[in-house]
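Asker: Data: my_file_29.txt, compact mmCIF, C-alpha atoms.
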```
# COMPACT_ATOMS: atom_id res chain seq x y z
CA MET A 1 49.87 82.70 211.36
CA ILE A 2 53.23 80.89 211.48
CA PHE A 3 54.20 82.30 208.05
CA ARG A 4 53.05 85.70 209.21
CA ALA A 5 55.23 85.46 212.32
CA VAL A 6 58.21 84.41 210.23
CA GLU A 7 57.71 87.28 207.85
CA ASP A 8 57.31 89.72 210.72
CA ALA A 9 60.55 88.45 212.24
CA ASP A 10 62.26 89.04 208.91
CA LEU A 11 60.86 92.58 208.68
CA ILE A 12 61.91 93.30 212.27
CA GLN A 13 65.43 92.15 211.50
CA LYS A 14 65.59 94.42 208.45
CA ALA A 15 64.07 97.35 210.38
CA ARG A 16 66.69 96.88 213.08
CA GLN A 17 69.35 97.31 210.43
CA GLY A 18 67.82 100.65 209.47
CA ASP A 19 65.51 99.51 206.67
CA VAL A 20 62.70 102.07 207.02
CA GLU A 21 60.55 100.49 204.35
CA ALA A 22 60.57 97.20 206.26
CA PHE A 23 59.28 98.99 209.35
CA ASN A 24 56.64 100.77 207.27
CA LEU A 25 55.46 97.40 206.02
CA LEU A 26 55.36 96.18 209.60
CA ILE A 27 53.23 99.20 210.55
CA SER A 28 50.84 98.58 207.68
CA ARG A 29 50.31 95.04 208.98
CA TRP A 30 49.64 96.00 212.57
CA GLU A 31 48.24 99.55 212.58
CA LYS A 32 44.60 98.47 212.20
CA ARG A 33 44.81 95.99 215.06
CA VAL A 34 46.59 98.42 217.37
CA PHE A 35 44.19 101.23 216.48
CA ASN A 36 41.13 99.08 217.16
CA TYR A 37 42.57 97.75 220.41
CA LEU A 38 43.16 101.32 221.59
CA LEU A 39 39.79 102.46 220.26
CA ARG A 40 37.98 99.75 222.20
CA ILE A 41 39.70 100.45 225.49
CA LEU A 42 39.93 104.25 225.18
CA ARG A 43 36.57 104.67 223.40
CA ASN A 44 37.82 107.78 221.62
CA ARG A 45 38.97 107.86 217.95
CA GLU A 46 41.33 110.81 218.20
CA ASP A 47 43.06 109.44 221.28
CA ALA A 48 43.28 106.01 219.66
CA LEU A 49 44.87 107.44 216.50
CA ASP A 50 47.29 109.67 218.41
CA LEU A 51 48.34 106.82 220.66
CA SER A 52 48.69 104.44 217.70
CA GLN A 53 51.26 106.81 216.23
CA ASP A 54 53.04 107.04 219.59
CA VAL A 55 53.02 103.25 219.90
CA PHE A 56 54.74 102.75 216.55
CA LEU A 57 57.21 105.55 217.23
CA LYS A 58 58.17 103.90 220.53
CA ALA A 59 58.31 100.52 218.86
CA TYR A 60 60.71 101.90 216.25
CA GLN A 61 62.88 103.56 218.87
CA ASN A 62 63.02 100.43 221.03
CA LEU A 63 63.06 97.75 218.37
CA ARG A 64 66.57 96.70 219.37
CA LYS A 65 65.35 95.89 222.89
CA LEU A 66 62.97 93.24 221.54
CA GLU A 67 64.76 90.00 222.42
CA ASP A 68 62.56 87.49 220.62
CA ASN A 69 61.28 88.60 217.21
CA THR A 70 58.53 85.98 217.27
CA ARG A 71 56.97 87.70 220.30
CA PHE A 72 56.60 91.00 218.48
CA ALA A 73 52.78 91.08 218.78
CA ALA A 74 52.74 90.79 222.57
CA TRP A 75 55.60 93.29 222.82
CA LEU A 76 53.79 95.80 220.57
CA PHE A 77 50.52 95.47 222.49
CA ARG A 78 52.42 95.85 225.75
CA ILE A 79 53.59 99.25 224.50
CA ALA A 80 50.03 100.09 223.46
CA HIS A 81 48.73 99.02 226.88
CA ASN A 82 51.30 101.21 228.64
CA GLU A 83 50.44 104.19 226.44
CA ALA A 84 46.72 103.74 227.09
CA TYR A 85 47.15 103.47 230.85
CA SER A 86 49.48 106.43 230.84
CA LEU A 87 46.64 108.40 229.24
CA PHE A 88 44.16 106.97 231.75
CA ARG A 89 46.31 108.22 234.58
CA LYS A 90 46.58 111.68 233.02
CA ARG A 91 42.82 111.93 232.58
CA LYS A 92 41.75 109.90 235.58
CA PRO A 93 38.41 111.63 236.32
CA GLU A 94 37.00 111.39 232.79
CA SER A 95 38.62 108.16 231.65
CA GLU A 96 37.20 105.92 234.36
CA PRO A 97 33.43 106.21 234.29
CA GLU A 98 31.84 105.94 237.71
CA ALA A 99 29.58 103.02 238.46
CA GLU A 100 26.62 105.35 238.58
CA GLU A 101 27.37 106.70 235.13
CA ARG A 102 27.85 103.21 233.79
CA SER A 103 24.54 102.03 235.14
CA GLN A 104 22.82 104.77 233.17
CA GLN A 105 24.12 103.23 229.93
CA ALA A 106 21.99 100.13 230.35
CA ILE A 107 20.99 98.32 227.20
CA THR A 108 17.51 99.12 226.15
CA THR A 109 17.14 96.84 223.17
CA GLY A 110 15.21 94.21 225.10
CA GLY A 111 14.55 90.75 223.73
CA ALA A 112 13.53 91.77 220.22
CA ALA A 113 15.71 91.12 217.18
CA VAL A 114 17.92 94.10 216.42
CA PHE A 115 19.72 95.52 213.39
CA PRO A 116 23.52 95.64 213.29
CA ILE A 117 23.60 99.30 214.26
CA GLU A 118 21.49 98.57 217.32
CA LEU A 119 23.67 95.61 218.15
CA SER A 120 26.72 97.81 217.84
CA ILE A 121 25.24 100.26 220.33
CA ALA A 122 24.22 97.43 222.65
CA VAL A 123 27.69 95.87 222.56
CA SER A 124 29.34 99.23 223.03
CA SER A 125 27.13 99.90 226.05
CA ALA A 126 27.77 96.45 227.50
CA LEU A 127 31.52 96.90 227.11
CA GLY A 128 31.21 100.37 228.62
CA ARG A 129 29.72 98.90 231.77
CA LEU A 130 32.79 96.78 232.40
CA THR A 131 35.77 98.08 234.32
CA ALA A 132 38.77 99.14 232.22
CA ASP A 133 40.67 95.98 233.21
CA GLN A 134 37.76 93.68 232.34
CA ARG A 135 37.17 95.47 229.04
CA GLU A 136 40.81 95.18 228.09
CA ALA A 137 40.81 91.45 228.87
CA VAL A 138 37.78 90.99 226.58
CA VAL A 139 39.36 93.06 223.82
CA LEU A 140 42.65 91.16 223.96
CA LYS A 141 40.95 87.74 223.98
CA ILE A 142 37.85 88.11 221.82
CA TYR A 143 38.93 90.77 219.34
CA GLN A 144 42.70 90.29 219.22
CA GLY A 145 42.82 86.53 219.84
CA PHE A 146 45.78 86.48 222.21
CA LYS A 147 46.56 83.44 224.34
CA PHE A 148 46.35 83.78 228.12
CA GLU A 149 50.14 83.75 228.44
CA GLU A 150 50.49 86.55 225.92
CA MET A 151 47.78 88.53 227.70
CA ALA A 152 49.62 88.08 230.98
CA GLU A 153 52.76 89.43 229.30
CA ILE A 154 50.91 92.42 227.84
CA LEU A 155 49.12 93.25 231.07
CA SER A 156 52.07 92.40 233.37
CA CYS A 157 49.99 90.20 235.62
CA PRO A 158 49.58 86.46 236.32
CA VAL A 159 47.51 84.26 234.01
CA SER A 160 45.11 83.63 236.90
CA THR A 161 44.36 87.37 237.10
CA VAL A 162 43.83 87.54 233.34
CA LYS A 163 41.35 84.66 233.49
CA SER A 164 39.57 86.12 236.47
CA ARG A 165 39.08 89.47 234.71
CA LEU A 166 37.97 87.85 231.46
CA TYR A 167 35.54 85.40 233.01
CA THR A 168 33.95 88.00 235.28
CA ALA A 169 33.52 90.22 232.23
CA LEU A 170 32.03 87.35 230.24
CA ASP A 171 29.48 86.63 232.96
CA LEU A 172 28.37 90.26 232.83
CA LEU A 173 28.33 90.34 229.04
CA LYS A 174 26.36 87.07 228.85
CA THR A 175 23.68 88.61 230.99
CA ASP A 176 23.66 91.88 229.08
CA LEU A 177 23.83 90.47 225.57
CA SER A 178 21.83 87.27 225.89
CA PRO A 179 18.48 88.86 224.93
CA LEU A 180 19.96 90.14 221.67
CA LYS A 181 19.26 88.45 218.37
CA VAL A 182 20.62 90.28 215.39
CA ARG A 183 19.43 89.48 211.90
CA GLY A 184 22.06 87.43 210.14
CA ALA A 185 24.76 88.13 212.72
CA VAL A 186 23.98 86.08 215.83
CA MET B 1 27.92 75.81 237.95
CA SER B 2 29.41 73.56 235.27
CA CYS B 3 29.72 69.80 235.74
CA SER B 4 32.38 69.53 233.03
CA PRO B 5 35.69 67.84 233.97
CA PHE B 6 37.46 71.03 232.84
CA ASP B 7 36.52 74.70 232.76
CA LEU B 8 34.21 75.12 229.77
CA ARG B 9 35.50 78.64 229.22
CA ASP B 10 39.08 77.37 228.89
CA TYR B 11 37.78 74.86 226.34
CA PHE B 12 35.81 77.54 224.52
CA PHE B 13 38.89 79.76 224.13
CA GLY B 14 41.09 76.90 222.96
CA GLU B 15 43.31 77.00 226.05
CA LEU B 16 42.98 73.34 227.00
CA PRO B 17 45.50 70.67 226.01
CA GLU B 18 44.43 67.95 223.56
CA GLU B 19 43.41 65.47 226.28
CA GLY B 20 41.28 68.05 228.12
CA ARG B 21 39.55 69.12 224.90
CA HIS B 22 38.69 65.53 224.14
CA GLN B 23 37.19 64.97 227.59
CA VAL B 24 35.09 68.15 227.44
CA GLU B 25 33.79 67.19 223.99
CA LEU B 26 32.82 63.73 225.22
CA HIS B 27 31.15 65.19 228.28
CA SER B 28 29.24 67.93 226.50
CA ARG B 29 27.70 65.43 224.07
CA SER B 30 25.78 63.90 226.94
CA CYS B 31 25.33 66.99 229.17
CA VAL B 32 22.60 69.44 228.19
CA GLN B 33 23.64 71.98 230.80
CA CYS B 34 27.21 72.22 229.46
CA ARG B 35 26.01 72.39 225.84
CA GLU B 36 23.77 75.31 226.78
CA GLU B 37 26.63 77.04 228.56
CA LEU B 38 28.82 76.63 225.47
CA ASN B 39 26.01 78.05 223.32
CA ARG B 40 25.71 81.05 225.61
CA LEU B 41 29.46 81.67 225.30
CA LEU B 42 29.22 81.32 221.53
CA SER B 43 26.31 83.78 221.34
CA THR B 44 28.11 86.29 223.52
CA GLN B 45 31.24 86.04 221.41
CA ALA B 46 29.25 86.34 218.20
CA ALA B 47 27.48 89.44 219.51
CA LEU B 48 30.81 91.03 220.40
CA LEU B 49 32.36 90.13 217.04
CA ALA B 50 29.37 91.52 215.18
CA VAL B 51 30.90 94.90 215.88
CA ALA B 52 33.70 94.73 213.35
CA ASP B 53 37.06 96.47 213.46
CA GLU B 54 37.15 99.98 212.08
CA GLU B 55 39.52 101.09 209.37
CA ILE B 56 42.23 103.38 210.66
CA PRO B 57 41.30 106.93 209.58
CA GLN B 58 44.84 107.91 208.77
CA ARG B 59 47.71 105.66 207.77
CA ILE B 60 50.77 105.72 210.00
CA GLY B 61 54.00 106.13 208.11
CA PHE B 62 56.05 108.75 209.84
CA VAL B 63 59.30 106.86 209.50
CA SER B 64 59.14 107.00 205.70
CA ASP B 65 60.00 110.70 205.99
CA ARG B 66 63.60 111.29 204.92
CA VAL B 67 64.12 113.42 208.03
CA TYR B 68 63.74 110.35 210.20
CA GLU B 69 65.70 108.08 207.95
CA PRO B 70 69.18 107.30 209.24
CA SER B 71 72.14 108.03 207.02
CA ARG B 72 73.79 105.31 204.93
CA LEU B 73 76.70 105.18 207.39
CA MET B 74 74.31 104.94 210.37
CA ARG B 75 72.35 102.17 208.65
CA TRP B 76 75.56 100.25 208.02
CA TRP B 77 76.66 100.83 211.63
CA ARG B 78 73.35 99.67 213.09
CA GLY B 79 73.27 96.73 210.75
CA PHE B 80 76.79 95.81 211.76
CA TRP B 81 75.98 95.81 215.47
CA GLY B 82 72.69 94.06 214.88
CA SER B 83 74.26 91.00 213.27
CA ALA B 84 75.97 88.37 215.43
CA PRO B 85 77.75 86.59 212.51
CA ARG B 86 79.18 89.90 211.28
CA LEU B 87 80.36 90.78 214.77
CA GLY B 88 81.98 87.36 215.13
CA PHE B 89 83.68 87.70 211.76
CA ALA B 90 84.89 91.22 212.62
CA SER B 91 86.30 89.99 215.96
CA ALA B 92 88.16 87.17 214.23
CA ALA B 93 89.49 89.58 211.61
CA MET B 94 90.71 92.01 214.29
CA LEU B 95 92.40 89.21 216.19
CA SER B 96 94.13 88.03 213.01
CA ALA B 97 95.24 91.59 212.21
CA ALA B 98 96.65 91.99 215.73
CA ILE B 99 98.61 88.73 215.41
CA ILE B 100 100.00 89.72 211.99
CA PHE B 101 100.90 93.23 213.23
CA SER B 102 102.58 91.84 216.31
CA ALA B 103 104.55 89.34 214.23
CA ALA B 104 105.60 92.02 211.73
CA HIS B 105 106.82 94.44 214.39
CA ARG B 106 108.69 92.04 216.65
CA PRO B 107 112.51 92.83 216.67
CA ALA B 108 114.50 90.30 214.61
CA PRO B 109 117.29 88.36 216.38
CA ALA B 110 120.86 89.82 215.81
CA PRO B 111 123.13 87.87 213.35
CA VAL B 112 125.56 85.51 215.07
CA ASP B 113 129.33 86.49 214.83
CA VAL B 114 130.96 83.03 214.66
CA ALA B 115 134.59 84.27 214.87
CA ARG B 116 133.79 86.37 217.91
CA VAL B 117 131.99 83.50 219.60
CA GLN B 118 134.96 81.23 218.94
CA THR B 119 137.40 83.84 220.33
CA ASP B 120 135.29 84.36 223.41
CA PHE B 121 135.00 80.65 223.89
CA SER B 122 138.77 80.13 223.59
CA ARG B 123 139.47 82.98 225.94
CA GLN B 124 137.04 81.71 228.52
CA MET B 125 138.43 78.20 228.17
CA ASN B 126 142.05 79.40 228.61
CA GLU B 127 141.08 81.44 231.63
CA ALA B 128 139.35 78.46 233.16
CA VAL B 129 142.35 76.19 232.49
CA GLU B 130 144.77 78.75 233.94
CA ARG B 131 142.57 79.16 236.98
CA ALA B 132 142.41 75.40 237.47
CA VAL B 133 146.22 74.99 237.06
CA ALA B 134 146.91 77.85 239.52
CA GLU B 135 144.55 76.33 242.05
CA SER B 136 146.18 72.93 241.59
CA ASP B 137 149.71 74.40 242.00
CA ALA B 138 148.66 76.23 245.12
CA ARG B 139 147.21 73.07 246.59
CA TYR B 140 150.41 71.12 245.72
CA GLU B 141 152.71 73.75 247.25
CA GLU B 142 150.64 73.88 250.41
CA ARG B 143 150.72 70.12 250.72
CA THR B 144 154.50 70.01 250.11
CA ALA B 145 155.04 72.67 252.74
CA ARG B 146 152.91 70.72 255.21
CA LEU B 147 154.89 67.53 254.51
CA LEU B 148 158.25 69.33 254.84
CA ALA B 149 157.20 70.86 258.12
CA ALA B 150 156.06 67.49 259.47
CA THR B 151 159.27 65.76 258.29
CA GLY B 152 161.41 68.49 259.89
CA ARG B 153 159.61 68.11 263.18
CA GLN B 154 160.00 64.34 263.03
CA PHE B 155 163.74 64.59 262.18
CA GLU B 156 164.30 67.03 265.00
CA ALA B 157 162.59 64.73 267.47
CA VAL B 158 164.72 61.73 266.35
CA MET B 159 167.90 63.76 266.61
CA MET B 160 166.96 65.00 270.06
CA GLU B 161 166.36 61.47 271.20
CA LYS B 162 169.64 60.34 269.67
CA TYR B 163 171.64 63.08 271.40
CA ALA B 164 169.93 62.45 274.67
CA ARG B 165 170.81 58.74 274.46
CA ARG B 166 174.44 59.57 273.57
CA ASP B 167 174.71 61.96 276.54
CA TYR B 168 173.29 59.26 278.80
CA ARG B 169 175.80 56.66 277.57
CA ALA B 170 178.67 59.15 278.01
CA ALA B 171 177.61 59.82 281.54
CA ILE B 172 177.49 56.11 282.32
CA LEU B 173 180.93 55.59 280.84
CA ARG B 174 182.29 58.44 282.88
CA ASN B 175 180.89 56.92 286.02
CA VAL B 176 182.30 53.49 285.13
CA SER B 177 185.84 54.84 284.48
CA GLN B 178 185.92 56.69 287.73
```
Just give me the structure of the file as structure tokens.

Answerer:
Amino acid sequence: MIFRAVEDADLIQKARQGDVEAFNLLISRWEKRVFNYLLRILRNREDALDLSQDVFLKAYQNLRKLEDNTRFAAWLFRIAHNEAYSLFRKRKPESEPEAEERSQQAITTGGAAVFPIELSIAVSSALGRLTADQREAVVLKIYQGFKFEEMAEILSCPVSTVKSRLYTALDLLKTDLSPLKVRGAV
Amino acid sequence: MSCSPFDLRDYFFGELPEEGRHQVELHSRSCVQCREELNRLLSTQAALLAVADEEIPQRIGFVSDRVYEPSRLMRWWRGFWGSAPRLGFASAAMLSAAIIFSAAHRPAPAPVDVARVQTDFSRQMNEAVERAVAESDARYEERTARLLAATGRQFEAVMMEKYARRDYRAAILRNVSQ
């Protein structure tokens, strides 16, 4: 991870000097992570792909504003977060499922062992029952592996708020996912 | 409710310092409740991670298009402003150029005309000497005049006294002879 950060810093420096291939290499390293982060919080492939492109375009345009090259990941995800919430605000009614709607997506797999596809549906449903803030905290911590301080930087909120969102979400997920036993996965 | 000395969830996510981690590990060895809680967290995380990342359906590479690529001059310009050592070197070079330019264009001092300087010096010296002699003569004449005037007044007073005494004696003699 340290070597990766060093190499990223090198690529950022070259991209800042107008080396397009360096920025393309940077994109190829991060596009999958950014796409999956957006996919998990937006829950829509087309939106996630469109916003991924916007995120990298904005990153390229604002690369010179990045003060510390080693904090590129948090900076990039901060852009992605802003893009996602900008879309949320545009599509407020459909992007924030109501509690009632969420409750209808209850997991129905019960206590029996499930196949990966069933687990995927169960996890997707469980994540769907969280609020957008809670879901994003889970995505950033569990799937993207950010530290609390980085999450606070991405979400523009105190570490205590980040922890509160994540731990509340985990309590809900523990309850929802505890009956699941997937063959070979859990 | 956990009885661990630190938050088990902080431990689980690797957010505790070394000392805290050590204490939680020691505690959880002897505490069934905390071990179960850690297992629940592990199961939940494993369930979430069982849903793997998807491949991006379309690669992003818009900046590789020549249309978006900056010109060679623009790349050099951005690179120049993006490098602190280059900026520092350029500043030093500009400062040096300014010093050299300033030195090259400064007016040279006029050549010294030794004969003229000597003439001027002699003239000024003669004028000063003449002025000093004239002043000295004037002072001497003034003093002489003052002395002559004083001597004249003194001589006149003596003569007056002498005549007055002679007149007095003549008057006495006249009285005696009568």

Asker: Select residues of chain B: the criterion is any atom within 9 Å of an atom of chain A, counting all atoms listed in the file; output as a PyMOL selection string.

Answerer: chain B and resi 9-10+13-15+40-41+43-64+68-72+74-83

Asker: Atom CA of Pro5 of chain B and atom CA of Val24 of chain B, how far apart in Å?

Answerer: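 That distance, rounded to one decimal, is 6.6 Å.
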
Asker: In Å, rounded to a single decimal, give me how far atom CA of Gln144 of chain A is from atom CA of Trp75 of chain A.

Answerer: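 Computed distance, atom CA of Trp75 of chain A to atom CA of Gln144 of chain A, equals 13.7 Å.
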
Asker: Give me, please, the distance in Å between atom CA of Ser156 of chain A and atom CA of Arg78 of chain A, quoted to one decimal.

Answerer: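 So the two atoms, atom CA of Ser156 of chain A and atom CA of Arg78 of chain A, lie 8.4 Å apart.
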
Asker: Between A:Leu155, A:Ala73, A:Ala169, A:Leu42, which one has atoms that come closest to Leu130 of chain A, using all atoms listed in the file?

Answerer: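 Closest candidate: A:Ala169.
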
Asker: For each of A:Glu153, A:Glu136, A:Glu7, A:Glu118, take the minimum atom-to-atom distance to Ala84 of chain A, counting all atoms listed in the file, then give the residue where this is smallest.

Answerer: A:Glu136

Asker: Pick from A:Arg135, A:Arg71, A:Arg29, A:His81: nearest to Arg43 of chain A, with all atoms listed in the file counted?

Answerer: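 Checking each of A:Arg135, A:Arg71, A:Arg29, A:His81 against Arg43 of chain A, counting all atoms listed in the file, the winner is A:Arg135.
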
Asker: Smallest atom-to-atom distance to Leu63 of chain A: which of A:Ile41, A:Leu172, A:Leu87, A:Leu26, using all atoms listed in the file?

Answerer: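 So, comparing all the options, the nearest one is A:Leu26.
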